[in-house]
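Note: the block below is model34.cif and it holds mmCIF, C-alpha atoms.
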data_final
loop_
_atom_site.label_atom_id
_atom_site.label_comp_id
_atom_site.auth_asym_id
_atom_site.auth_seq_id
_atom_site.Cartn_x
_atom_site.Cartn_y
_atom_site.Cartn_z
CA MET M 1 25.09 8.34 -9.06
CA THR M 2 24.76 4.70 -8.05
CA SER M 3 21.65 5.16 -5.95
CA GLU M 4 19.69 6.27 -9.03
CA SER M 5 20.30 3.12 -11.00
CA ASN M 6 19.31 0.48 -8.43
CA PRO M 7 16.03 -0.36 -6.68
CA MET M 8 16.97 1.99 -3.85
CA GLY M 9 16.72 4.81 -6.36
CA SER M 10 13.04 4.16 -6.91
CA PHE M 11 12.62 3.76 -3.16
CA CYS M 12 14.09 7.26 -2.70
CA ARG M 13 11.66 8.62 -5.28
CA LEU M 14 8.74 6.94 -3.50
CA TYR M 15 9.97 8.50 -0.27
CA SER M 16 9.89 11.98 -1.82
CA VAL M 17 6.20 11.42 -2.58
CA LEU M 18 5.52 10.04 0.90
CA LEU M 19 6.97 13.22 2.38
CA TYR M 20 3.76 14.96 1.31
CA ALA M 21 2.00 13.17 4.17
CA TYR M 22 3.88 15.32 6.70
CA PRO M 23 2.42 18.68 7.71
CA PRO M 24 3.40 21.28 5.09
CA GLU M 25 5.45 23.34 7.52
CA PHE M 26 7.50 20.33 8.58
CA ARG M 27 7.99 19.27 5.00
CA ARG M 28 9.16 22.74 3.98
CA GLN M 29 11.65 22.82 6.83
CA TYR M 30 13.02 19.29 6.68
CA GLY M 31 11.81 17.59 3.51
CA ARG M 32 14.94 18.25 1.51
CA PRO M 33 17.43 17.21 4.22
CA MET M 34 15.35 14.09 4.87
CA GLU M 35 15.57 13.09 1.21
CA GLN M 36 19.25 13.85 1.27
CA LEU M 37 19.78 11.73 4.36
CA LEU M 38 17.92 8.81 2.84
CA ARG M 39 20.00 9.07 -0.35
CA ASP M 40 23.23 9.12 1.63
CA ARG M 41 22.19 6.13 3.67
CA CYS M 42 21.03 4.16 0.62
CA ARG M 43 24.29 4.85 -1.12
CA ASP M 44 26.35 3.64 1.81
CA LEU M 45 24.15 0.58 2.33
CA ALA M 46 24.19 -0.39 -1.34
CA ARG M 47 27.97 -0.35 -1.25
CA SER M 48 28.33 -2.63 1.70
CA SER M 49 25.24 -4.79 2.08
CA GLY M 50 23.07 -7.38 0.39
CA GLY M 51 19.41 -7.35 -0.60
CA LEU M 52 18.08 -8.50 2.74
CA THR M 53 19.71 -5.63 4.63
CA LEU M 54 18.35 -3.16 2.10
CA LEU M 55 14.89 -4.64 2.47
CA ARG M 56 15.07 -4.44 6.25
CA PHE M 57 16.25 -0.86 5.96
CA ALA M 58 13.32 -0.02 3.68
CA GLY M 59 10.97 -1.53 6.26
CA GLN M 60 12.56 0.56 9.03
CA VAL M 61 12.20 3.72 6.98
CA MET M 62 8.54 3.00 6.26
CA SER M 63 7.72 2.43 9.92
CA ASP M 64 9.71 5.56 10.82
CA TRP M 65 7.68 7.46 8.22
CA LEU M 66 4.37 6.23 9.58
CA ARG M 67 5.17 6.95 13.23
CA THR M 68 6.72 10.38 12.77
CA MET M 69 4.13 11.46 10.21
CA VAL M 70 1.37 10.74 12.72
CA ARG M 71 3.39 12.42 15.44
CA GLU M 72 4.05 15.59 13.47
CA ARG M 73 0.42 15.79 12.36
CA ALA M 74 -0.68 15.35 15.97
CA ALA M 75 1.72 18.11 16.99
CA VAL M 76 0.16 20.53 14.50
CA TRP M 77 -3.28 19.46 15.66
CA SER M 78 -2.58 19.94 19.36
CA ALA M 79 -0.86 23.27 18.80
CA GLY M 80 -4.34 24.34 17.79
CA ARG M 81 -3.01 26.45 15.00
CA LYS M 82 -4.99 26.26 11.83
CA PRO M 83 -2.57 25.95 8.95
CA ALA M 84 -2.18 29.26 7.18
CA LYS M 85 -4.56 29.89 4.32
CA ARG M 86 -1.99 29.64 1.58
CA SER M 87 -0.82 26.24 2.79
CA SER M 88 -4.25 24.66 2.55
CA VAL M 89 -3.83 24.31 -1.20
CA THR M 90 -0.61 22.37 -0.83
CA GLU M 91 -2.13 20.39 2.00
CA TRP M 92 -4.96 19.34 -0.26
CA ALA M 93 -2.54 18.61 -3.04
CA GLY M 94 -0.69 16.30 -0.67
CA THR M 95 -3.86 14.52 0.33
CA LEU M 96 -4.85 14.20 -3.29
CA LEU M 97 -1.47 12.73 -4.19
CA ILE M 98 -1.74 10.10 -1.49
CA TYR M 99 -5.29 9.37 -2.60
CA LEU M 100 -4.18 8.96 -6.20
CA PHE M 101 -1.29 6.76 -5.18
CA ALA M 102 -3.54 4.61 -3.03
CA THR M 103 -6.37 4.36 -5.51
CA THR M 104 -4.21 3.48 -8.46
CA THR M 105 -1.83 1.06 -6.85
CA LEU M 106 -3.56 -0.36 -3.79
CA VAL M 107 -7.31 -0.28 -4.27
CA GLN M 108 -9.51 0.75 -7.14
CA ALA M 109 -13.23 1.40 -7.36
CA TYR M 110 -15.45 -0.38 -9.86
CA VAL M 111 -19.15 -0.61 -10.50
CA ILE M 112 -20.88 -3.87 -11.37
CA PRO M 113 -22.76 -3.23 -14.63
CA THR M 114 -24.24 -6.70 -15.31
CA GLY M 115 -26.08 -9.35 -13.38
CA SER M 116 -23.67 -12.17 -14.10
CA MET M 117 -22.70 -12.47 -10.43
CA GLU M 118 -26.26 -11.88 -9.18
CA GLY M 119 -26.81 -13.58 -5.86
CA ASN M 120 -23.49 -12.20 -4.73
CA LEU M 121 -23.00 -8.92 -6.56
CA LEU M 122 -25.91 -6.93 -7.91
CA ILE M 123 -26.11 -4.48 -10.78
CA GLY M 124 -25.20 -1.12 -9.28
CA ASP M 125 -22.89 -2.43 -6.58
CA HIS M 126 -19.91 -0.11 -6.30
CA ILE M 127 -16.99 -2.18 -5.15
CA LEU M 128 -13.42 -1.59 -4.03
CA VAL M 129 -10.89 -3.94 -5.54
CA ASP M 130 -7.71 -4.84 -3.69
CA ARG M 131 -5.03 -4.59 -6.36
CA VAL M 132 -2.23 -5.84 -4.18
CA ALA M 133 -3.71 -9.26 -3.39
CA TYR M 134 -2.79 -11.01 -6.63
CA ALA M 135 -0.11 -8.68 -7.93
CA ASP M 136 3.19 -10.19 -8.94
CA PRO M 137 5.24 -9.48 -5.82
CA GLY M 138 8.72 -10.05 -7.19
CA PRO M 139 11.31 -11.98 -5.18
CA LEU M 140 11.60 -9.46 -2.34
CA GLY M 141 8.07 -8.06 -1.98
CA ARG M 142 6.67 -11.51 -1.27
CA HIS M 143 7.82 -11.19 2.34
CA ILE M 144 6.31 -7.81 3.23
CA LEU M 145 2.92 -7.49 1.56
CA PRO M 146 -0.01 -9.90 1.80
CA TYR M 147 0.22 -11.44 -1.67
CA ARG M 148 -1.50 -14.68 -2.49
CA GLN M 149 -2.09 -16.99 -5.38
CA VAL M 150 -5.36 -17.11 -7.28
CA GLU M 151 -7.30 -20.08 -5.96
CA ARG M 152 -10.29 -22.02 -7.21
CA GLY M 153 -13.50 -20.42 -5.96
CA ASP M 154 -12.00 -16.92 -5.60
CA ILE M 155 -14.02 -13.99 -6.88
CA VAL M 156 -11.63 -12.02 -9.04
CA ALA M 157 -11.70 -8.76 -10.99
CA PHE M 158 -9.90 -8.97 -14.32
CA LEU M 159 -9.62 -7.24 -17.67
CA TYR M 160 -11.96 -8.69 -20.25
CA PRO M 161 -9.63 -10.62 -22.58
CA GLU M 162 -11.52 -9.55 -25.72
CA ASP M 163 -11.45 -5.90 -24.74
CA PRO M 164 -9.05 -4.98 -21.91
CA ARG M 165 -10.73 -1.61 -21.46
CA GLU M 166 -13.51 -3.42 -19.62
CA THR M 167 -13.19 -5.01 -16.21
CA PHE M 168 -15.16 -8.12 -15.34
CA VAL M 169 -15.83 -9.76 -12.00
CA LYS M 170 -16.27 -13.55 -12.03
CA ARG M 171 -15.45 -16.61 -9.99
CA ILE M 172 -12.34 -18.66 -10.78
CA ILE M 173 -13.35 -22.25 -11.51
CA GLY M 174 -10.28 -23.69 -13.17
CA LEU M 175 -6.53 -23.25 -12.68
CA PRO M 176 -3.88 -24.37 -15.19
CA GLY M 177 -4.11 -28.11 -15.74
CA ASP M 178 -7.72 -28.43 -14.56
CA ARG M 179 -10.17 -30.35 -16.74
CA ILE M 180 -13.59 -28.67 -16.86
CA ARG M 181 -16.95 -29.60 -18.26
CA LEU M 182 -20.58 -28.83 -17.46
CA GLU M 183 -23.15 -31.54 -17.12
CA ASN M 184 -26.75 -30.36 -17.07
CA GLY M 185 -25.63 -27.03 -15.68
CA GLN M 186 -23.33 -28.51 -13.04
CA VAL M 187 -19.58 -28.05 -13.19
CA VAL M 188 -17.45 -31.17 -13.24
CA ARG M 189 -13.81 -30.41 -12.49
CA ASN M 190 -11.18 -33.10 -12.86
CA GLY M 191 -13.92 -35.71 -12.80
CA ARG M 192 -15.59 -34.38 -9.63
CA ARG M 193 -18.95 -32.71 -9.54
CA LEU M 194 -18.61 -29.36 -7.73
CA VAL M 195 -20.81 -28.30 -4.86
CA GLU M 196 -21.42 -24.60 -5.52
CA PRO M 197 -23.75 -23.04 -2.97
CA TYR M 198 -23.13 -19.58 -4.46
CA VAL M 199 -24.53 -20.48 -7.88
CA ARG M 200 -27.96 -19.35 -9.00
CA HIS M 201 -29.97 -20.97 -11.73
CA ILE M 202 -32.78 -18.92 -13.19
CA ALA M 203 -33.64 -20.72 -16.45
CA ASN M 204 -36.14 -23.55 -16.51
CA GLN M 205 -34.90 -25.03 -19.73
CA LEU M 206 -31.52 -26.51 -20.38
CA ASP M 207 -29.47 -24.83 -23.04
CA PRO M 208 -27.24 -27.46 -24.64
CA TYR M 209 -24.28 -25.18 -25.08
CA ARG M 210 -24.53 -23.34 -21.78
CA ASP M 211 -25.30 -26.35 -19.63
CA ASN M 212 -23.49 -29.21 -21.32
CA PHE M 213 -20.30 -27.40 -22.13
CA PRO M 214 -18.16 -27.98 -24.18
CA LEU M 215 -20.52 -29.57 -26.66
CA ALA M 216 -20.33 -27.70 -29.91
CA PRO M 217 -19.11 -24.20 -30.57
CA GLU M 218 -21.95 -21.80 -31.07
CA PHE M 219 -22.03 -18.99 -33.50
CA PHE M 220 -21.71 -16.32 -30.81
CA THR M 221 -18.41 -17.39 -29.34
CA THR M 222 -15.64 -14.84 -29.73
CA PRO M 223 -12.29 -15.48 -31.46
CA ARG M 224 -10.68 -16.43 -28.16
CA GLY M 225 -13.64 -18.69 -27.43
CA ARG M 226 -13.19 -20.47 -30.76
CA ASP M 227 -9.47 -20.83 -30.06
CA MET M 228 -10.31 -22.55 -26.78
CA PHE M 229 -12.50 -24.99 -28.66
CA GLN M 230 -10.00 -25.74 -31.36
CA HIS M 231 -6.95 -26.24 -29.18
CA HIS M 232 -7.90 -26.96 -25.60
CA VAL M 233 -10.70 -29.51 -25.66
CA ARG M 234 -9.67 -33.07 -24.94
CA SER M 235 -12.19 -35.93 -24.74
CA GLY M 236 -15.12 -33.69 -24.05
CA GLU M 237 -13.40 -31.48 -21.48
CA VAL M 238 -11.69 -28.13 -21.59
CA VAL M 239 -8.13 -28.33 -20.27
CA VAL M 240 -6.88 -25.04 -18.82
CA PRO M 241 -3.46 -24.23 -20.34
CA PRO M 242 -0.51 -22.84 -18.32
CA GLY M 243 -0.82 -19.18 -17.35
CA MET M 244 -4.59 -19.16 -17.93
CA LEU M 245 -7.68 -19.28 -15.72
CA PHE M 246 -11.22 -20.48 -16.36
CA ALA M 247 -13.87 -18.14 -14.92
CA LEU M 248 -17.65 -18.46 -14.59
CA GLY M 249 -20.33 -16.11 -13.28
CA ASP M 250 -22.38 -17.13 -10.25
CA ASN M 251 -25.57 -16.33 -12.14
CA ARG M 252 -24.72 -19.36 -14.22
CA ASP M 253 -27.64 -19.20 -16.64
CA ASN M 254 -27.15 -15.55 -17.55
CA SER M 255 -23.42 -14.98 -17.62
CA ALA M 256 -21.04 -14.29 -20.45
CA ASP M 257 -17.94 -16.02 -19.17
CA SER M 258 -15.13 -18.38 -20.11
CA ARG M 259 -17.65 -20.66 -21.80
CA TYR M 260 -18.14 -17.99 -24.44
CA TRP M 261 -14.93 -16.00 -24.65
CA GLY M 262 -12.27 -18.41 -23.49
CA PHE M 263 -9.61 -18.26 -20.81
CA VAL M 264 -8.47 -15.33 -18.68
CA PRO M 265 -4.70 -14.77 -18.93
CA ARG M 266 -3.24 -14.72 -15.40
CA GLU M 267 -1.68 -11.29 -16.00
CA TYR M 268 -5.12 -9.85 -16.77
CA VAL M 269 -6.17 -10.33 -13.15
CA VAL M 270 -6.61 -6.91 -11.55
CA GLY M 271 -7.39 -7.86 -7.99
CA LYS M 272 -9.77 -9.14 -5.41
CA PRO M 273 -13.08 -7.40 -4.69
CA LEU M 274 -12.83 -6.17 -1.10
CA LEU M 275 -16.25 -4.81 -0.28
CA VAL M 276 -19.30 -3.06 -1.60
CA TYR M 277 -19.02 0.56 -0.53
CA TRP M 278 -22.21 1.75 -2.19
CA SER M 279 -25.02 -0.11 -3.86
CA TYR M 280 -27.35 1.91 -6.03
CA ASP M 281 -30.32 0.57 -7.92
CA ALA M 282 -29.94 1.83 -11.48
CA PRO M 283 -29.97 0.36 -14.98
CA THR M 284 -26.75 -0.93 -16.53
CA ALA M 285 -26.36 1.79 -19.14
CA GLU M 286 -26.51 4.57 -16.56
CA LEU M 287 -23.91 2.96 -14.34
CA GLN M 288 -21.27 2.84 -17.00
CA GLU M 289 -21.14 6.54 -17.51
CA TRP M 290 -22.17 9.46 -15.35
CA THR M 291 -24.74 11.06 -17.60
CA LEU M 292 -26.64 14.15 -16.55
CA GLY M 293 -29.74 12.01 -16.16
CA HIS M 294 -27.94 9.68 -13.79
CA VAL M 295 -26.62 12.57 -11.71
CA ILE M 296 -30.14 13.95 -11.33
CA ASP M 297 -31.47 10.48 -10.56
CA VAL M 298 -28.87 9.98 -7.82
CA ALA M 299 -29.55 13.44 -6.42
CA GLU M 300 -33.26 12.77 -6.25
CA HIS M 301 -33.28 9.17 -5.12
CA PHE M 302 -30.02 8.77 -3.24
CA PHE M 303 -31.71 7.69 -0.03
CA THR M 304 -34.42 5.50 -1.50
CA LYS M 305 -32.49 3.80 -4.26
CA THR M 306 -29.37 3.13 -2.24
CA ARG M 307 -29.50 -0.44 -1.02
CA TRP M 308 -28.26 0.38 2.45
CA LYS M 309 -28.14 -3.23 3.56
CA ARG M 310 -25.46 -3.94 1.00
CA SER M 311 -23.06 -1.26 2.21
CA PHE M 312 -19.71 -2.71 3.24
CA LEU M 313 -20.78 -6.18 2.30
CA VAL M 314 -17.87 -8.48 1.53
CA PRO M 315 -18.39 -10.58 -1.60
CA ARG M 316 -17.51 -14.24 -0.95
CA MET E 317 7.80 29.78 13.35
CA THR E 318 7.65 26.91 15.79
CA LYS E 319 6.06 27.55 19.13
CA HIS E 320 8.32 28.02 22.11
CA GLN E 321 9.14 24.85 24.00
CA SER E 322 10.81 24.89 27.39
CA PRO E 323 13.83 22.62 27.94
CA GLN E 324 12.09 21.03 30.94
CA ASP E 325 9.48 19.59 28.56
CA LEU E 326 12.19 17.40 27.12
CA LEU E 327 13.24 15.88 30.44
CA PRO E 328 13.99 13.07 30.89
CA LEU E 329 15.68 13.10 27.50
CA THR E 330 14.50 10.36 25.19
CA PRO E 331 17.24 8.05 23.87
CA PRO E 332 17.22 9.67 20.40
CA VAL E 333 17.56 13.20 21.84
CA PHE E 334 20.26 12.10 24.26
CA HIS E 335 22.32 10.40 21.58
CA ILE E 336 21.86 13.25 19.11
CA LEU E 337 23.27 15.64 21.74
CA LEU E 338 26.18 13.27 22.34
CA ALA E 339 26.82 13.17 18.61
CA LEU E 340 27.12 16.96 18.62
CA ALA E 341 29.27 17.10 21.77
CA GLU E 342 32.57 17.20 19.94
CA GLU E 343 31.80 18.81 16.63
CA GLU E 344 28.98 20.11 14.51
CA ARG E 345 27.47 17.62 12.11
CA HIS E 346 24.84 17.36 9.41
CA GLY E 347 21.84 15.00 9.60
CA TYR E 348 23.49 11.98 8.08
CA GLY E 349 26.62 12.57 10.18
CA ILE E 350 24.45 12.54 13.31
CA MET E 351 22.71 9.38 12.20
CA ARG E 352 25.97 7.56 11.59
CA ASP E 353 27.47 8.72 14.87
CA VAL E 354 24.41 7.64 16.87
CA ALA E 355 24.57 4.19 15.25
CA GLN E 356 28.25 4.04 16.20
CA GLN E 357 27.63 5.15 19.80
CA THR E 358 25.02 2.45 20.31
CA ASP E 359 26.75 -0.34 18.36
CA GLY E 360 24.07 -0.14 15.70
CA ALA E 361 21.22 -0.60 18.18
CA LEU E 362 19.73 2.84 17.51
CA GLN E 363 19.22 3.54 13.80
CA LEU E 364 17.48 6.89 13.55
CA GLY E 365 15.06 7.14 10.65
CA PRO E 366 14.81 10.46 8.77
CA GLY E 367 11.48 11.33 10.39
CA THR E 368 12.67 10.56 13.91
CA LEU E 369 15.92 12.45 13.44
CA TYR E 370 14.42 15.62 12.01
CA GLY E 371 11.40 15.47 14.33
CA CYS E 372 13.81 15.45 17.29
CA LEU E 373 15.97 18.19 15.78
CA LYS E 374 12.86 20.32 15.29
CA ARG E 375 11.91 20.01 18.96
CA MET E 376 15.49 20.49 20.10
CA LEU E 377 15.81 23.64 18.02
CA ALA E 378 12.57 24.96 19.48
CA ALA E 379 13.82 24.22 23.01
CA GLY E 380 17.19 25.80 22.28
CA LEU E 381 19.30 22.66 22.80
CA VAL E 382 20.83 22.85 19.33
CA GLU E 383 21.15 25.48 16.65
CA GLU E 384 21.77 25.49 12.95
CA SER E 385 25.24 26.44 11.89
CA GLY E 386 24.73 27.09 8.22
CA GLU E 387 24.80 25.02 5.06
CA ARG E 388 27.84 23.71 3.34
CA PRO E 389 28.98 20.62 1.46
CA ASP E 390 30.60 17.67 3.23
CA PRO E 391 33.87 16.97 1.39
CA ALA E 392 33.73 13.32 2.45
CA LEU E 393 30.39 12.73 0.66
CA ASP E 394 29.84 14.92 -2.40
CA ASP E 395 29.43 18.57 -3.30
CA GLU E 396 25.78 18.82 -2.23
CA ARG E 397 25.10 21.42 0.48
CA ARG E 398 24.06 20.00 3.83
CA ARG E 399 22.57 21.70 6.85
CA TYR E 400 24.85 21.52 9.91
CA TYR E 401 23.80 21.54 13.55
CA ARG E 402 25.71 22.33 16.73
CA MET E 403 24.92 22.04 20.42
CA THR E 404 24.12 25.17 22.46
CA SER E 405 25.37 25.71 26.01
CA LEU E 406 21.89 24.82 27.23
CA GLY E 407 22.11 21.57 25.29
CA LYS E 408 25.46 20.89 26.90
CA ARG E 409 24.02 21.40 30.39
CA MET E 410 21.04 19.18 29.61
CA VAL E 411 23.06 16.31 28.24
CA ARG E 412 25.41 16.53 31.21
CA ALA E 413 22.48 16.43 33.63
CA GLU E 414 20.99 13.49 31.78
CA ALA E 415 24.31 11.63 31.82
CA GLN E 416 24.55 12.20 35.57
CA ARG E 417 21.02 10.94 36.08
CA LEU E 418 21.81 7.84 34.05
CA ALA E 419 25.08 7.29 35.88
CA GLY E 420 23.20 7.46 39.18
CA ALA E 421 20.68 4.95 37.91
CA VAL E 422 23.46 2.66 36.73
CA THR E 423 25.18 2.84 40.15
CA VAL E 424 21.97 1.83 41.89
CA ALA E 425 21.37 -0.94 39.37
CA MET E 426 24.91 -2.30 39.80
CA SER E 427 24.64 -2.47 43.57
CA ARG E 428 21.19 -4.07 43.56
CA LEU E 429 21.95 -6.60 40.83
CA ALA E 430 25.53 -7.35 41.89
CA GLY E 431 24.63 -10.66 43.55
CA GLU E 432 22.65 -11.94 40.58
CA SER E 433 25.26 -12.16 37.89
CA ALA E 434 27.78 -14.95 38.03
#
If you took the structure in this file and wrote it as structure tokens, what would it be?
Amino acid sequence: MTSESNPMGSFCRLYSVLLYAYPPEFRRQYGRPMEQLLRDRCRDLARSSGGLTLLRFAGQVMSDWLRTMVRERAAVWSAGRKPAKRSSVTEWAGTLLIYLFATTTLVQAYVIPTGSMEGNLLIGDHILVDRVAYADPGPLGRHILPYRQVERGDIVAFLYPEDPRETFVKRIIGLPGDRIRLENGQVVRNGRRLVEPYVRHIANQLDPYRDNFPLAPEFFTTPRGRDMFQHHVRSGEVVVPPGMLFALGDNRDNSADSRYWGFVPREYVVGKPLLVYWSYDAPTAELQEWTLGHVIDVAEHFFTKTRWKRSFLVPR
Amino acid sequence: MTKHQSPQDLLPLTPPVFHILLALAEEERHGYGIMRDVAQQTDGALQLGPGTLYGCLKRMLAAGLVEESGERPDPALDDERRRYYRMTSLGKRMVRAEAQRLAGAVTVAMSRLAGESA
């Protein structure tokens, strides 16, 4: 069938998942014919129309979904009938599905385990990351969702290049082509000294490597860090290669960042931290895994150790 | 099943309900058939989405304006079974009343706006 092999095929599959947002009774009654109708329409459209018409059609279907889903839910609500007991399981399953879809493709929760962004993000800040913001939109998506390019000064969540199982949050200092060096702890980009009000300095003494980068490779740089030194330093400055980003922590004197492990590949960018939804004062090790001790600690000290002032703070 | 809904609750008929009834005036149709016919009636101005179409059909069934007339494949599409709908006599009366109301409104509009157009 033609509709299975083109983008409209995946749209139809997405629609089958979205149907779970309707009240269970409505979905049982009309879910199948609605899928069928969408398939028929997609097939006819794909035969006769170009990409723009298909995109507009997809937009219409999504707005139809949103409006009628709210309407049908409101109808169930106002009828005052509690959904039958057996349907509550499927109802929850539907909610869970939407939650999973949303949390894996739109936003994702992370916890900040280190103090490298201290001043802006503290150890124990639980943040939501907007995964759509920097995602590769493709030629069509660019027009419907709020995508943007990574810019200098953005706080960005990305996979740690040396170990992609870890996610780091740092500030983007250099884009491809930028020349970067540090002079007594201050960043000089393309010959200009940066004004960085967000940066914190905590050390009294200058560290030649950390503060006058790139001077000489130190023994604790990683393989990617050494590669940066060997191939991307020109006349005392690091030059960011195409497709790469240079990232530094705001807590500039205590941050393992691009100075030590090299560039961040653009495709390793996960998203943009949206807000702190919960900030809990706990040591790094406990935040990385929910141990029994941590669970008890949270249960006992939830109210006192939660930094309430930080709730829903937007990192900038 | 669905709670009882009186036909009066649906008056005045919304454009989707009105056009769905018109689509069923001559013959019974399945969902996609209704959707295509409504687009044709309105010169493409009214494209019913799946949720709107089946939400309306649900309410119209509950009010007794339409009824299901079984499932069968549409030979023009493929061999998948589709649910067909037809208009009831109540639906016929309602759509006729609505058409008369609209015709009355159009007559008034024509006479009041006659001087304005060139």
Please report as an MDAnalysis selection string which residues of chain M come no farther than 6 Å from chain E, using all atoms listed in the file.
-> chainID M and resid 34 37 61 64:65 68
Please write as a PyMOL selection string the full residue list that the PyMOL selection byres ((chain M and resi 251-258) around 7) yields on this file.
-> chain M and resi 116-119+199-203+246-250+259-263
Could you list as a ChimeraX atom specification every residue that has an atom within 7 Å of (-5.2, -4.2, -17.6), using the file's coordinates and counting all atoms listed in the file?
-> /M:159,164,268,270
Output C-alpha atoms of each residue in that selection to a file, as a compact mmCIF listing (two decimals), in the frame of the given file.
# COMPACT_ATOMS: atom_id res chain seq x y z
CA LEU M 159 -9.62 -7.24 -17.67
CA PRO M 164 -9.05 -4.98 -21.91
CA TYR M 268 -5.12 -9.85 -16.77
CA VAL M 270 -6.61 -6.91 -11.55
Near Val411 (chain E), counting only C-alpha atoms, which residues have an atom at most 8 Å away, once you skip same-chain residues fewer than 6 positions from it, shown as a PyMOL selection string?
-> chain E and resi 334+337-338
Residues from last step as file, C-alpha atoms, as a JSON list (two decimals), in the coordinates of the input:
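The resulting file, part-v4.json, is shown below:
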[["chain", "number", "residue", "atom", "x", "y", "z"],
["E", 334, "PHE", "CA", 20.26, 12.10, 24.26],
["E", 337, "LEU", "CA", 23.27, 15.64, 21.74],
["E", 338, "LEU", "CA", 26.18, 13.27, 22.34]]
Run the PyMOL selection byres ((chain M and resi 123) around 7) on the file and write out the hits as a VMD selection string.
-> chain M and resid 112 to 115 121 to 122 124 to 125 284
Requested write-out: C-alpha atoms of the selected residues, as an mmCIF file, keeping the file's coordinate frame:
data_model
loop_
_atom_site.group_PDB
_atom_site.id
_atom_site.type_symbol
_atom_site.label_atom_id
_atom_site.label_comp_id
_atom_site.auth_asym_id
_atom_site.auth_seq_id
_atom_site.Cartn_x
_atom_site.Cartn_y
_atom_site.Cartn_z
ATOM 1 C CA ILE M 112 -20.880 -3.870 -11.370
ATOM 2 C CA PRO M 113 -22.760 -3.230 -14.630
ATOM 3 C CA THR M 114 -24.240 -6.700 -15.310
ATOM 4 C CA GLY M 115 -26.080 -9.350 -13.380
ATOM 5 C CA LEU M 121 -23.000 -8.920 -6.560
ATOM 6 C CA LEU M 122 -25.910 -6.930 -7.910
ATOM 7 C CA GLY M 124 -25.200 -1.120 -9.280
ATOM 8 C CA ASP M 125 -22.890 -2.430 -6.580
ATOM 9 C CA THR M 284 -26.750 -0.930 -16.530
#
By how many Å are CA of Leu106 (chain M) and CA of Arg148 (chain M) apart?
->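 Straight-line distance from CA of Leu106 (chain M) to CA of Arg148 (chain M) works out to 14.5 Å.
The coordinates place CA of Thr221 (chain M) at 14.1 Å from CA of Tyr160 (chain M).
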Nearest to Glu237 (chain M): which of M:Phe213, M:Phe168, M:Tyr134, M:Phe26 is it, counting all atoms listed in the file?
->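 When distances to Glu237 (chain M) are compared using all atoms listed in the file, the smallest one comes from M:Phe213.
Put simply, the PyMOL selection byres ((chain M and resi 229) around 10) in this file takes in Pro214, Leu215, Ala216, Pro217, Thr221, Pro223, Arg224, Gly225, Arg226, Asp227, Met228, Gln230, His231, His232, Val233, Arg234, Glu237, Val238, Arg259, Tyr260 and Gly262 of chain M.
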For region 112-130 of chain M of the block above, can you save C-alpha atoms as a PDB file, in the first residue's frame?
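The new file part_35.pdb reads:
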ATOM      1  CA  ILE M 112      22.660  18.335  37.666  1.00  0.00           C
ATOM      2  CA  PRO M 113      25.299  16.195  39.406  1.00  0.00           C
ATOM      3  CA  THR M 114      28.285  18.590  39.415  1.00  0.00           C
ATOM      4  CA  GLY M 115      28.941  22.194  40.247  1.00  0.00           C
ATOM      5  CA  SER M 116      30.412  23.165  36.906  1.00  0.00           C
ATOM      6  CA  MET M 117      27.539  25.551  36.166  1.00  0.00           C
ATOM      7  CA  GLU M 118      27.317  26.804  39.763  1.00  0.00           C
ATOM      8  CA  GLY M 119      25.989  30.328  39.871  1.00  0.00           C
ATOM      9  CA  ASN M 120      23.334  29.277  37.406  1.00  0.00           C
ATOM     10  CA  LEU M 121      22.632  25.614  38.058  1.00  0.00           C
ATOM     11  CA  LEU M 122      23.358  24.008  41.402  1.00  0.00           C
ATOM     12  CA  ILE M 123      24.135  20.422  42.301  1.00  0.00           C
ATOM     13  CA  GLY M 124      20.764  18.780  42.844  1.00  0.00           C
ATOM     14  CA  ASP M 125      18.808  20.927  40.414  1.00  0.00           C
ATOM     15  CA  HIS M 126      16.345  18.726  38.560  1.00  0.00           C
ATOM     16  CA  ILE M 127      15.815  20.258  35.159  1.00  0.00           C
ATOM     17  CA  LEU M 128      13.565  19.702  32.171  1.00  0.00           C
ATOM     18  CA  VAL M 129      15.324  19.789  28.833  1.00  0.00           C
ATOM     19  CA  ASP M 130      13.505  20.877  25.696  1.00  0.00           C
TER      20      ASP M 130
END
